[in-house]
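As provided, coords.cif (mmCIF, N, CA and C atoms) reads as follows.
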```cif
data_entry
loop_
_atom_site.label_atom_id
_atom_site.label_comp_id
_atom_site.auth_asym_id
_atom_site.auth_seq_id
_atom_site.Cartn_x
_atom_site.Cartn_y
_atom_site.Cartn_z
N MET A 1 13.48 105.22 -53.64
CA MET A 1 13.66 103.79 -53.49
C MET A 1 12.43 103.02 -53.97
N ARG A 2 11.26 103.54 -53.65
CA ARG A 2 10.02 102.85 -54.02
C ARG A 2 9.85 102.79 -55.54
N VAL A 3 10.25 103.85 -56.23
CA VAL A 3 10.14 103.89 -57.69
C VAL A 3 11.05 102.81 -58.30
N LYS A 4 12.23 102.64 -57.74
CA LYS A 4 13.15 101.60 -58.23
C LYS A 4 12.52 100.21 -58.10
N LYS A 5 11.90 99.95 -56.97
CA LYS A 5 11.28 98.64 -56.76
C LYS A 5 10.14 98.40 -57.74
N VAL A 6 9.37 99.43 -58.02
CA VAL A 6 8.27 99.30 -58.98
C VAL A 6 8.83 99.02 -60.37
N VAL A 7 9.87 99.74 -60.75
CA VAL A 7 10.50 99.52 -62.07
C VAL A 7 11.04 98.10 -62.16
N TYR A 8 11.73 97.63 -61.13
CA TYR A 8 12.26 96.27 -61.13
C TYR A 8 11.13 95.24 -61.18
N THR A 9 10.03 95.50 -60.49
CA THR A 9 8.89 94.58 -60.51
C THR A 9 8.30 94.50 -61.91
N VAL A 10 8.07 95.64 -62.53
CA VAL A 10 7.50 95.67 -63.89
C VAL A 10 8.44 94.96 -64.87
N LEU A 11 9.72 95.29 -64.80
CA LEU A 11 10.69 94.63 -65.68
C LEU A 11 10.75 93.13 -65.42
N GLY A 12 10.67 92.74 -64.15
CA GLY A 12 10.68 91.31 -63.81
C GLY A 12 9.53 90.57 -64.46
N PHE A 13 8.34 91.13 -64.38
CA PHE A 13 7.19 90.48 -65.01
C PHE A 13 7.28 90.50 -66.53
N LEU A 14 7.82 91.57 -67.09
CA LEU A 14 8.02 91.64 -68.54
C LEU A 14 8.97 90.53 -69.00
N PHE A 15 10.13 90.42 -68.33
CA PHE A 15 11.10 89.39 -68.71
C PHE A 15 10.57 87.99 -68.43
N PHE A 16 9.82 87.82 -67.35
CA PHE A 16 9.21 86.53 -67.05
C PHE A 16 8.25 86.14 -68.17
N GLY A 17 7.43 87.08 -68.61
CA GLY A 17 6.50 86.82 -69.71
C GLY A 17 7.21 86.46 -71.00
N LEU A 18 8.27 87.20 -71.31
CA LEU A 18 9.03 86.89 -72.52
C LEU A 18 9.69 85.52 -72.42
N GLY A 19 10.19 85.18 -71.23
CA GLY A 19 10.78 83.86 -71.02
C GLY A 19 9.75 82.76 -71.17
N ALA A 20 8.54 83.00 -70.66
CA ALA A 20 7.46 82.02 -70.78
C ALA A 20 7.08 81.82 -72.24
N VAL A 21 6.98 82.90 -72.99
CA VAL A 21 6.68 82.80 -74.42
C VAL A 21 7.81 82.08 -75.15
N GLY A 22 9.03 82.30 -74.69
CA GLY A 22 10.19 81.66 -75.30
C GLY A 22 10.21 80.15 -75.14
N THR A 23 9.49 79.61 -74.16
CA THR A 23 9.42 78.15 -74.03
C THR A 23 8.58 77.54 -75.14
N VAL A 24 7.70 78.35 -75.73
CA VAL A 24 6.82 77.86 -76.80
C VAL A 24 7.37 78.23 -78.18
N LEU A 25 7.87 79.45 -78.32
CA LEU A 25 8.39 79.92 -79.61
C LEU A 25 9.91 79.69 -79.67
N PRO A 26 10.37 78.90 -80.61
CA PRO A 26 11.80 78.60 -80.67
C PRO A 26 12.67 79.80 -81.03
N ILE A 27 12.11 80.85 -81.58
CA ILE A 27 12.92 82.00 -81.99
C ILE A 27 13.22 82.94 -80.82
N LEU A 28 12.47 82.80 -79.73
CA LEU A 28 12.64 83.68 -78.57
C LEU A 28 13.42 82.93 -77.48
N PRO A 29 14.55 83.45 -77.05
CA PRO A 29 15.34 82.73 -76.04
C PRO A 29 14.67 82.76 -74.67
N THR A 30 14.69 81.65 -73.99
CA THR A 30 14.05 81.53 -72.68
C THR A 30 14.98 81.94 -71.55
N VAL A 31 16.15 81.31 -71.49
CA VAL A 31 17.04 81.45 -70.34
C VAL A 31 17.52 82.88 -70.11
N PRO A 32 17.94 83.63 -71.14
CA PRO A 32 18.37 85.00 -70.84
C PRO A 32 17.26 85.86 -70.23
N PHE A 33 16.04 85.69 -70.71
CA PHE A 33 14.93 86.46 -70.15
C PHE A 33 14.62 86.04 -68.71
N LEU A 34 14.73 84.74 -68.45
CA LEU A 34 14.48 84.29 -67.08
C LEU A 34 15.59 84.74 -66.13
N LEU A 35 16.82 84.80 -66.63
CA LEU A 35 17.91 85.34 -65.80
C LEU A 35 17.66 86.81 -65.47
N LEU A 36 17.22 87.56 -66.46
CA LEU A 36 16.89 88.97 -66.21
C LEU A 36 15.72 89.10 -65.23
N ALA A 37 14.74 88.22 -65.37
CA ALA A 37 13.60 88.24 -64.44
C ALA A 37 14.07 87.93 -63.03
N ALA A 38 14.96 86.95 -62.88
CA ALA A 38 15.48 86.61 -61.56
C ALA A 38 16.20 87.80 -60.94
N PHE A 39 17.01 88.48 -61.74
CA PHE A 39 17.72 89.66 -61.26
C PHE A 39 16.74 90.74 -60.81
N CYS A 40 15.75 91.03 -61.65
CA CYS A 40 14.79 92.08 -61.33
C CYS A 40 13.94 91.74 -60.11
N PHE A 41 13.48 90.50 -60.02
CA PHE A 41 12.69 90.11 -58.85
C PHE A 41 13.54 90.13 -57.59
N GLY A 42 14.81 89.76 -57.72
CA GLY A 42 15.71 89.83 -56.57
C GLY A 42 15.89 91.24 -56.06
N LYS A 43 15.86 92.21 -56.97
CA LYS A 43 16.01 93.62 -56.59
C LYS A 43 14.69 94.25 -56.12
N SER A 44 13.56 93.66 -56.54
CA SER A 44 12.28 94.30 -56.24
C SER A 44 11.76 93.94 -54.85
N SER A 45 11.61 92.64 -54.57
CA SER A 45 11.12 92.25 -53.24
C SER A 45 11.44 90.78 -53.00
N GLU A 46 11.59 90.45 -51.73
CA GLU A 46 11.89 89.06 -51.35
C GLU A 46 10.70 88.15 -51.67
N LYS A 47 9.50 88.68 -51.51
CA LYS A 47 8.30 87.89 -51.78
C LYS A 47 8.22 87.49 -53.26
N LEU A 48 8.46 88.43 -54.17
CA LEU A 48 8.44 88.12 -55.60
C LEU A 48 9.60 87.20 -55.97
N ASN A 49 10.74 87.40 -55.37
CA ASN A 49 11.90 86.56 -55.63
C ASN A 49 11.60 85.11 -55.23
N SER A 50 11.00 84.93 -54.07
CA SER A 50 10.64 83.57 -53.62
C SER A 50 9.59 82.95 -54.53
N TRP A 51 8.61 83.75 -54.94
CA TRP A 51 7.58 83.24 -55.86
C TRP A 51 8.21 82.78 -57.17
N PHE A 52 9.10 83.63 -57.73
CA PHE A 52 9.73 83.30 -59.01
C PHE A 52 10.55 82.02 -58.90
N LYS A 53 11.30 81.88 -57.81
CA LYS A 53 12.13 80.68 -57.63
C LYS A 53 11.30 79.42 -57.41
N GLY A 54 10.02 79.60 -57.11
CA GLY A 54 9.13 78.46 -56.96
C GLY A 54 8.41 78.06 -58.24
N THR A 55 8.55 78.86 -59.30
CA THR A 55 7.86 78.55 -60.55
C THR A 55 8.54 77.40 -61.28
N LYS A 56 7.76 76.71 -62.08
CA LYS A 56 8.27 75.59 -62.86
C LYS A 56 9.29 76.07 -63.90
N LEU A 57 9.06 77.24 -64.47
CA LEU A 57 10.01 77.79 -65.45
C LEU A 57 11.39 77.95 -64.85
N TYR A 58 11.46 78.50 -63.66
CA TYR A 58 12.75 78.69 -62.99
C TYR A 58 13.39 77.34 -62.69
N LYS A 59 12.63 76.43 -62.13
CA LYS A 59 13.18 75.14 -61.73
C LYS A 59 13.65 74.32 -62.93
N ASN A 60 12.93 74.39 -64.03
CA ASN A 60 13.30 73.60 -65.21
C ASN A 60 14.47 74.19 -65.99
N ASN A 61 14.64 75.51 -65.95
CA ASN A 61 15.63 76.15 -66.81
C ASN A 61 16.83 76.75 -66.10
N LEU A 62 16.68 77.19 -64.87
CA LEU A 62 17.74 77.96 -64.24
C LEU A 62 18.28 77.41 -62.93
N GLU A 63 17.48 76.72 -62.19
CA GLU A 63 17.84 76.38 -60.81
C GLU A 63 19.21 75.72 -60.69
N THR A 64 19.46 74.68 -61.45
CA THR A 64 20.75 73.99 -61.34
C THR A 64 21.90 74.86 -61.82
N PHE A 65 21.66 75.68 -62.83
CA PHE A 65 22.70 76.57 -63.35
C PHE A 65 23.06 77.64 -62.32
N VAL A 66 22.06 78.23 -61.70
CA VAL A 66 22.30 79.28 -60.71
C VAL A 66 23.07 78.73 -59.51
N ARG A 67 22.81 77.49 -59.15
CA ARG A 67 23.53 76.88 -58.03
C ARG A 67 24.92 76.40 -58.42
N GLY A 68 25.28 76.54 -59.69
CA GLY A 68 26.61 76.15 -60.14
C GLY A 68 26.75 74.67 -60.44
N GLU A 69 25.62 73.97 -60.52
CA GLU A 69 25.67 72.53 -60.78
C GLU A 69 25.73 72.21 -62.27
N GLY A 70 25.28 73.11 -63.12
CA GLY A 70 25.31 72.88 -64.56
C GLY A 70 23.92 72.89 -65.17
N MET A 71 23.85 72.40 -66.42
CA MET A 71 22.59 72.35 -67.17
C MET A 71 22.48 70.99 -67.84
N THR A 72 21.25 70.59 -68.10
CA THR A 72 21.05 69.36 -68.86
C THR A 72 21.41 69.63 -70.33
N MET A 73 21.72 68.58 -71.04
CA MET A 73 22.06 68.73 -72.46
C MET A 73 20.87 69.28 -73.23
N LYS A 74 19.66 68.90 -72.84
CA LYS A 74 18.46 69.41 -73.51
C LYS A 74 18.37 70.93 -73.39
N THR A 75 18.62 71.45 -72.20
CA THR A 75 18.57 72.90 -71.98
C THR A 75 19.67 73.58 -72.78
N LYS A 76 20.86 73.01 -72.75
CA LYS A 76 21.98 73.59 -73.52
C LYS A 76 21.65 73.65 -75.01
N LEU A 77 21.13 72.54 -75.53
CA LEU A 77 20.81 72.49 -76.96
C LEU A 77 19.71 73.48 -77.33
N ARG A 78 18.72 73.63 -76.45
CA ARG A 78 17.64 74.59 -76.72
C ARG A 78 18.20 76.01 -76.79
N ILE A 79 19.10 76.35 -75.88
CA ILE A 79 19.70 77.68 -75.87
C ILE A 79 20.56 77.88 -77.11
N VAL A 80 21.42 76.91 -77.39
CA VAL A 80 22.34 77.04 -78.52
C VAL A 80 21.58 77.09 -79.85
N CYS A 81 20.55 76.28 -79.99
CA CYS A 81 19.76 76.31 -81.24
C CYS A 81 19.06 77.65 -81.43
N THR A 82 18.49 78.17 -80.37
CA THR A 82 17.81 79.46 -80.46
C THR A 82 18.79 80.56 -80.86
N VAL A 83 19.92 80.60 -80.18
CA VAL A 83 20.93 81.62 -80.48
C VAL A 83 21.47 81.44 -81.90
N THR A 84 21.66 80.21 -82.33
CA THR A 84 22.17 79.96 -83.67
C THR A 84 21.19 80.48 -84.73
N VAL A 85 19.90 80.24 -84.53
CA VAL A 85 18.90 80.72 -85.49
C VAL A 85 18.90 82.25 -85.54
N ILE A 86 18.92 82.87 -84.37
CA ILE A 86 18.90 84.33 -84.32
C ILE A 86 20.16 84.91 -84.95
N MET A 87 21.31 84.33 -84.64
CA MET A 87 22.56 84.83 -85.22
C MET A 87 22.64 84.56 -86.72
N ALA A 88 22.06 83.46 -87.16
CA ALA A 88 22.05 83.17 -88.60
C ALA A 88 21.24 84.22 -89.35
N LEU A 89 20.14 84.65 -88.75
CA LEU A 89 19.35 85.72 -89.37
C LEU A 89 20.17 87.01 -89.48
N GLY A 90 20.85 87.35 -88.40
CA GLY A 90 21.72 88.53 -88.42
C GLY A 90 22.84 88.39 -89.43
N PHE A 91 23.41 87.19 -89.50
CA PHE A 91 24.49 86.91 -90.44
C PHE A 91 24.01 87.09 -91.88
N ALA A 92 22.81 86.59 -92.16
CA ALA A 92 22.25 86.71 -93.51
C ALA A 92 21.97 88.17 -93.87
N MET A 93 21.55 88.96 -92.89
CA MET A 93 21.23 90.36 -93.17
C MET A 93 22.48 91.22 -93.30
N MET A 94 23.63 90.70 -92.92
CA MET A 94 24.87 91.47 -92.99
C MET A 94 25.69 91.12 -94.23
N SER A 95 25.03 90.83 -95.32
CA SER A 95 25.76 90.42 -96.52
C SER A 95 26.72 91.50 -97.03
N ARG A 96 26.43 92.75 -96.73
CA ARG A 96 27.30 93.85 -97.19
C ARG A 96 28.22 94.37 -96.09
N VAL A 97 28.23 93.69 -94.96
CA VAL A 97 29.07 94.11 -93.83
C VAL A 97 29.94 92.92 -93.40
N PRO A 98 31.01 92.66 -94.14
CA PRO A 98 31.84 91.49 -93.82
C PRO A 98 32.45 91.52 -92.41
N VAL A 99 32.79 92.70 -91.92
CA VAL A 99 33.33 92.79 -90.56
C VAL A 99 32.27 92.38 -89.54
N GLY A 100 31.05 92.77 -89.78
CA GLY A 100 29.95 92.38 -88.90
C GLY A 100 29.75 90.88 -88.88
N ARG A 101 29.88 90.26 -90.05
CA ARG A 101 29.76 88.81 -90.13
C ARG A 101 30.88 88.11 -89.36
N VAL A 102 32.07 88.63 -89.46
CA VAL A 102 33.21 88.05 -88.73
C VAL A 102 32.98 88.16 -87.23
N VAL A 103 32.57 89.33 -86.78
CA VAL A 103 32.31 89.54 -85.35
C VAL A 103 31.20 88.61 -84.88
N LEU A 104 30.12 88.50 -85.64
CA LEU A 104 29.01 87.63 -85.28
C LEU A 104 29.46 86.16 -85.23
N ALA A 105 30.29 85.76 -86.17
CA ALA A 105 30.79 84.38 -86.18
C ALA A 105 31.66 84.11 -84.95
N ILE A 106 32.49 85.08 -84.58
CA ILE A 106 33.34 84.92 -83.39
C ILE A 106 32.48 84.81 -82.13
N VAL A 107 31.47 85.66 -82.03
CA VAL A 107 30.56 85.62 -80.87
C VAL A 107 29.84 84.28 -80.82
N TRP A 108 29.42 83.77 -81.96
CA TRP A 108 28.72 82.48 -82.02
C TRP A 108 29.63 81.35 -81.56
N VAL A 109 30.87 81.34 -82.04
CA VAL A 109 31.83 80.30 -81.64
C VAL A 109 32.10 80.38 -80.13
N CYS A 110 32.28 81.58 -79.60
CA CYS A 110 32.49 81.76 -78.16
C CYS A 110 31.28 81.27 -77.36
N HIS A 111 30.11 81.52 -77.89
CA HIS A 111 28.87 81.04 -77.26
C HIS A 111 28.88 79.51 -77.18
N LEU A 112 29.21 78.87 -78.29
CA LEU A 112 29.27 77.40 -78.32
C LEU A 112 30.32 76.88 -77.34
N LEU A 113 31.50 77.47 -77.35
CA LEU A 113 32.56 77.04 -76.45
C LEU A 113 32.13 77.19 -74.98
N TYR A 114 31.50 78.30 -74.66
CA TYR A 114 31.06 78.51 -73.28
C TYR A 114 30.07 77.44 -72.84
N PHE A 115 29.03 77.20 -73.65
CA PHE A 115 28.00 76.26 -73.22
C PHE A 115 28.47 74.81 -73.24
N PHE A 116 29.32 74.45 -74.18
CA PHE A 116 29.72 73.04 -74.24
C PHE A 116 31.00 72.73 -73.49
N LEU A 117 31.84 73.71 -73.22
CA LEU A 117 33.06 73.47 -72.46
C LEU A 117 33.06 74.14 -71.09
N GLY A 118 32.34 75.24 -70.95
CA GLY A 118 32.37 76.00 -69.70
C GLY A 118 31.27 75.67 -68.72
N VAL A 119 30.12 75.21 -69.22
CA VAL A 119 29.00 74.88 -68.34
C VAL A 119 28.92 73.36 -68.23
N LYS A 120 28.96 72.88 -67.00
CA LYS A 120 28.92 71.44 -66.75
C LYS A 120 27.60 70.85 -67.24
N THR A 121 27.67 69.69 -67.86
CA THR A 121 26.47 68.99 -68.30
C THR A 121 26.06 68.00 -67.22
N ILE A 122 24.81 68.08 -66.81
CA ILE A 122 24.29 67.15 -65.81
C ILE A 122 23.22 66.28 -66.44
N GLU A 123 22.98 65.16 -65.82
CA GLU A 123 21.94 64.24 -66.29
C GLU A 123 20.56 64.78 -65.89
N PRO A 124 19.53 64.48 -66.67
CA PRO A 124 18.18 64.97 -66.32
C PRO A 124 17.74 64.51 -64.93
N GLN A 125 18.16 63.32 -64.50
CA GLN A 125 17.79 62.82 -63.19
C GLN A 125 18.35 63.71 -62.09
N GLU A 126 19.58 64.22 -62.28
CA GLU A 126 20.20 65.10 -61.29
C GLU A 126 19.40 66.40 -61.16
N ALA A 127 18.96 66.91 -62.29
CA ALA A 127 18.19 68.15 -62.28
C ALA A 127 16.84 67.94 -61.59
N GLU A 128 16.22 66.77 -61.82
CA GLU A 128 14.94 66.48 -61.19
C GLU A 128 15.09 66.31 -59.68
N GLN A 129 16.18 65.66 -59.26
CA GLN A 129 16.40 65.43 -57.83
C GLN A 129 16.60 66.73 -57.09
N THR A 130 17.32 67.67 -57.71
CA THR A 130 17.57 68.94 -57.02
C THR A 130 16.35 69.83 -57.03
N ALA A 131 15.43 69.59 -57.99
CA ALA A 131 14.21 70.41 -58.06
C ALA A 131 13.20 69.99 -56.98
N GLU A 132 13.33 68.77 -56.48
CA GLU A 132 12.36 68.27 -55.49
C GLU A 132 12.64 68.74 -54.13
#
```
Once more with this new file: its structure as structure tokens, please.
Amino acid sequence: MRVKKVVYTVLGFLFFGLGAVGTVLPILPTVPFLLLAAFCFGKSSEKLNSWFKGTKLYKNNLETFVRGEGMTMKTKLRIVCTVTVIMALGFAMMSRVPVGRVVLAIVWVCHLLYFFLGVKTIEPQEAEQTAE
């Protein structure tokens, strides 16, 4: 059991670091790494989980989404733009794999549909009020 907690702790900090770097580098996605960090910290210890939920990164990017309230349009656009750039690179590299391009295009469209139709858009003021 102790080894599992150590592994989850290490992975949590790794994903947290990648998520933090992703806030600065547009090519690295922030939210997926922070979601993974939240999962890992939740499995590792209550103390780390509480610390993570108190960070500005969590509050600005995940808190309202995790509570089921939605995301701001700015957060949605940041996620969609990052994923679009990454998928465009993959699409360009698959010039000789037309089936791969079709699959990637379908995944991209589903991604857009999910974020713009499936996740509620909230106003920035709502996100700030819930963070306080």
Set out as a tab-separated table a contact list for range 30-83 of chain A and range 104-124 of chain A with a cut-off of 5 Å, giving each residue of range 30-83 of chain A that qualifies its closest atom pair and distance in Å to one decimal, counting all atoms listed in the file, ordered by chain and rising residue number.
```
residue	atom	partner	partner_atom	distance
A:Gly70	CA	A:Lys120	C	4.1
A:Met71	C	A:Ile122	N	3.9
A:Thr72	CA	A:Ile122	N	4.5
```
Go ahead and dump the residues you just picked, N, CA and C atoms, as an mmCIF file, in the frame of the given file.
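Below is the file result_6.cif, written as the result:
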```cif
data_model
loop_
_atom_site.group_PDB
_atom_site.id
_atom_site.type_symbol
_atom_site.label_atom_id
_atom_site.label_comp_id
_atom_site.auth_asym_id
_atom_site.auth_seq_id
_atom_site.Cartn_x
_atom_site.Cartn_y
_atom_site.Cartn_z
ATOM 1 N N GLY A 70 25.280 73.110 -63.120
ATOM 2 C CA GLY A 70 25.310 72.880 -64.560
ATOM 3 C C GLY A 70 23.920 72.890 -65.170
ATOM 4 N N MET A 71 23.850 72.400 -66.420
ATOM 5 C CA MET A 71 22.590 72.350 -67.170
ATOM 6 C C MET A 71 22.480 70.990 -67.840
ATOM 7 N N THR A 72 21.250 70.590 -68.100
ATOM 8 C CA THR A 72 21.050 69.360 -68.860
ATOM 9 C C THR A 72 21.410 69.630 -70.330
#
```
One decimal, in Å: what's the spacing between atom N of Tyr8 in chain A and CA of Lys43 in chain A?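 Straight-line distance from atom N of Tyr8 in chain A to CA of Lys43 in chain A works out to 7.4 Å.
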Which residues of range 48-88 of chain A come within 12 Å of range 18-21 of chain A, and what is each one's closest atom pair and distance in Å (one decimal), counting only C-alpha atoms, sorted by chain and residue number, as a tab-separated table?
```
residue	atom	partner	partner_atom	distance
A:Thr55	CA	A:Ala20	CA	10.8
A:Lys56	CA	A:Ala20	CA	10.2
A:Leu57	CA	A:Ala20	CA	7.3
A:Tyr58	CA	A:Gly19	CA	9.8
A:Asn60	CA	A:Ala20	CA	11.7
A:Asn61	CA	A:Gly19	CA	10.0
A:Leu62	CA	A:Gly19	CA	11.4
A:Ile79	CA	A:Gly19	CA	11.9
```
Run DSSP on the backbone and grab whatever in range 21-131 of chain A lands in alpha helix (DSSP H); send it over as a PyMOL selection string. chain A and resi 21-22+31-44+46-53+56-61+63-66+73-93+98-113+124-131
Chain and number of each residue from the PyMOL selection byres ((chain A and resi 29) around 8), as a list of chain:residue names: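 Taken over the shown coordinates, the PyMOL selection byres ((chain A and resi 29) around 8) returns A:Leu18, A:Gly19, A:Ala20, A:Val21, A:Gly22, A:Thr23, A:Leu25, A:Pro26, A:Ile27, A:Leu28, A:Thr30, A:Val31, A:Pro32, A:Phe33, A:Leu34, A:Arg78, A:Ile79, A:Thr82, A:Val83.
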Atom-to-atom span, atom C of Gly90 in chain A and CA of Val24 in chain A, Å: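 Answer for the atom C of Gly90 in chain A to CA of Val24 in chain A separation: 23.0 Å.
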If you apply the PyMOL selection byres (((chain A and resi 13 and name CA) around 10) and name CA) to this file, what residues do you get, as a PyMOL selection string? chain A and resi 8-12+14-19+34+36-38+40-41+48+52
Report, as lines of an AutoDock Vina configuration file, the axis-aligned box around all atoms of range 99-104 of chain A present in the file, extended by 4 Å on each side; give centre and edge lengths in Å to one decimal place.
```
center_x = 31.2
center_y = 89.5
center_z = -88.4
size_x = 12.3
size_y = 14.6
size_z = 15.0
```
For a test of reading the model, state the distance in Å between CA of Leu35 in chain A and CA of Thr75 in chain A, rounded to one decimal.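 According to the coordinates, CA of Leu35 in chain A and CA of Thr75 in chain A are separated by 13.9 Å.
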